[in-house]
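Report on the structure given below.
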Amino acid sequence: MTVSFASFHDQVAKLTEPTLACFQKISKKYFFFHLAFALGVAAEVLLIGIFFSSITDSFFMGIAISLLFFTILLYFILRLYYHEQKPEDLRQLCNEYLSTCKEYLPRQIGPSDEHLALANSACLAANWLDGAEANFYRLPEKLRLLEPKLQQCSLRFHASDVQAMKELFLLASIEQHISLIRIEPTSIDAHAATANAYLMLAELYGTTTESNKKARWAQGRALEELKILSEFAPDNPWVHEKLAKSYQALKMKKQEIQEYEILLRLQPENLDARFTLGVLYFQEGENAKGLKIYEELRKTSDKAESLIQHYGSHL
């Protein structure tokens, strides 16, 4: 079984290049669509401007202007079509990737291991896309000086596609983890992996209003999984650290403080957690507790002076 899984991981690793190539092809197709119409409209406007004085016949001028408006109208019509089509293309790529991964699985594998392997493969694919938006185009050696500018343009035009593709892979990973939990409801590893996937998804989302709503949803789902873990593994520091981070993202400081207090009982030597708890105490006006941590840090760490700067921050 170990050999079979080693072979599976090797085969999945080989999917990196073709999967990224397909993704870039999809993203570039829509980019070149916009670029072609932009250049076409610019060329038509330029020609009308150049020959404006020489076209005395109003009939030909009307044709030229009508052609320009027709091009613009056609662009917006096709844009609506492509706006609906691109998410489907990305979703199909995600499904095809997972289907190919499933074909590489050992035949004797059980349902639990299958869901776990597919979840890890989807998560791995999301990691492949880190920084991919800056590497869509390559210039010849003689033009390498222009590469930073080209990377900026690539970031601008392809970042949203990269985020959408990563989102699909992470959601697919979460779906597989949930299927695994249905088979093994009390599996600590399954709940931990699900929580981690939700946290990765929350981190993926940006700071716009719509993305912030999605991030809060993902953080909330991660929080629920971590609460389950805290029941099954109350003495696991990782669980309480992640719970604290989730409460921080959800701006629930009282609960965040409680998790750091538990974390410090489990890991008294964790200076970062002690410092963070001291900051939270000062922010909540619990100055006596904050000063106690300051005294503890002053004996063991140089973080004490940074901590005392937060005194009075509750005001």
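Going through the structure tokens in order, the chains are called A, B, and so on, while each chain numbers its residues from 1 and the ligands are numbered from 1 in the order shown.
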DSSP-assigned helix (DSSP H, G or I) members of segment 82-284 of chain A, reported as a ChimeraX atom specification: /A:82-104,111-128,132-134,141-183,188-204,209-232,237-249,253-266,271-283
Hey, what's within 8 Å of Arg221 of chain A if we count only C-alpha atoms and toss same-chain stuff fewer than 3 positions away? As a compact mmCIF listing (two decimals) with N, CA and C atoms, in the first residue's frame, please?
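Output (result_24.txt):
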```txt
# COMPACT_ATOMS: atom_id res chain seq x y z
N ALA A 195 -10.67 22.09 9.22
CA ALA A 195 -10.47 23.42 9.80
C ALA A 195 -9.33 24.16 9.11
N TYR A 198 -10.46 25.43 5.72
CA TYR A 198 -11.30 26.63 5.87
C TYR A 198 -10.44 27.86 6.19
N TRP A 217 -17.35 34.00 6.64
CA TRP A 217 -18.03 32.70 6.55
C TRP A 217 -17.02 31.57 6.73
N ALA A 218 -15.88 31.66 6.02
CA ALA A 218 -14.87 30.61 6.12
C ALA A 218 -14.29 30.54 7.54
N GLU A 224 -16.13 26.38 13.89
CA GLU A 224 -16.97 25.25 14.29
C GLU A 224 -16.17 23.94 14.33
N GLU A 225 -15.30 23.76 13.33
CA GLU A 225 -14.47 22.55 13.31
C GLU A 225 -13.50 22.54 14.48
```
Give me, as a PyMOL selection string, all polymer residues having an atom no more than 12 Å from Leu67 of chain A, counting only C-alpha atoms and skipping those fewer than 6 positions away in the same chain. chain A and resi 40-41+43-45+47-48+60-61+73-74
Go through segment 207-283 of chain A and flag each residue having an atom no more than 10 Å from segment 185-188 of chain A; for those, report the closest pair of atoms plus their distance in Å to one decimal, using only C-alpha atoms, ordered by chain and rising number, as a Markdown table.
```
| residue | atom | partner | partner_atom | distance |
| --- | --- | --- | --- | --- |
| A:Glu225 | CA | A:Ile188 | CA | 9.8 |
| A:Leu226 | CA | A:Ile188 | CA | 9.9 |
| A:Ile228 | CA | A:Ile188 | CA | 8.6 |
| A:Leu229 | CA | A:Ile188 | CA | 6.4 |
| A:Ser230 | CA | A:Ile188 | CA | 9.7 |
| A:Glu231 | CA | A:Ile188 | CA | 10.0 |
| A:Phe232 | CA | A:Ile188 | CA | 7.0 |
| A:Ala233 | CA | A:Ile188 | CA | 7.7 |
```
Shell of 8 Å around segment 23-38 of chain A, only C-alpha atoms, local chain residues under 2 positions omitted, as a VMD selection string: chain A and resid 19 to 21 40 to 42 71 to 72 75 82 86 89 to 90 93 136 157 to 158 161
Would you write out those residues with C-alpha atoms, as an mmCIF file, in the first residue's frame?
```cif
data_model
loop_
_atom_site.group_PDB
_atom_site.id
_atom_site.type_symbol
_atom_site.label_atom_id
_atom_site.label_comp_id
_atom_site.auth_asym_id
_atom_site.auth_seq_id
_atom_site.Cartn_x
_atom_site.Cartn_y
_atom_site.Cartn_z
ATOM 1 C CA THR A 19 -2.801 21.713 -15.044
ATOM 2 C CA LEU A 20 -1.068 25.090 -14.805
ATOM 3 C CA ALA A 21 -0.760 25.195 -18.607
ATOM 4 C CA GLY A 40 -9.790 47.298 -32.472
ATOM 5 C CA VAL A 41 -11.756 50.179 -30.941
ATOM 6 C CA ALA A 42 -8.586 52.231 -30.561
ATOM 7 C CA THR A 71 -17.759 46.942 -32.370
ATOM 8 C CA ILE A 72 -18.414 48.348 -28.884
ATOM 9 C CA TYR A 75 -17.793 43.602 -27.188
ATOM 10 C CA TYR A 82 -17.555 35.150 -21.419
ATOM 11 C CA LYS A 86 -15.092 31.566 -17.607
ATOM 12 C CA ASP A 89 -14.215 26.632 -17.667
ATOM 13 C CA LEU A 90 -12.322 26.946 -14.378
ATOM 14 C CA LEU A 93 -10.581 22.224 -15.074
ATOM 15 C CA PHE A 136 2.079 34.113 -17.218
ATOM 16 C CA PHE A 157 -5.027 41.113 -15.275
ATOM 17 C CA HIS A 158 -4.689 37.554 -13.933
ATOM 18 C CA ASP A 161 -8.405 34.319 -12.081
#
```
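Distances to Gln163 of chain A were evaluated for A:Tyr281, A:Tyr205, A:Trp128, A:Phe69 using only C-alpha atoms, and the minimum falls at A:Tyr205.
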Interatomic distance between atom CA of Ala192 of chain A and atom CA of Ser160 of chain A? 28.4 Å
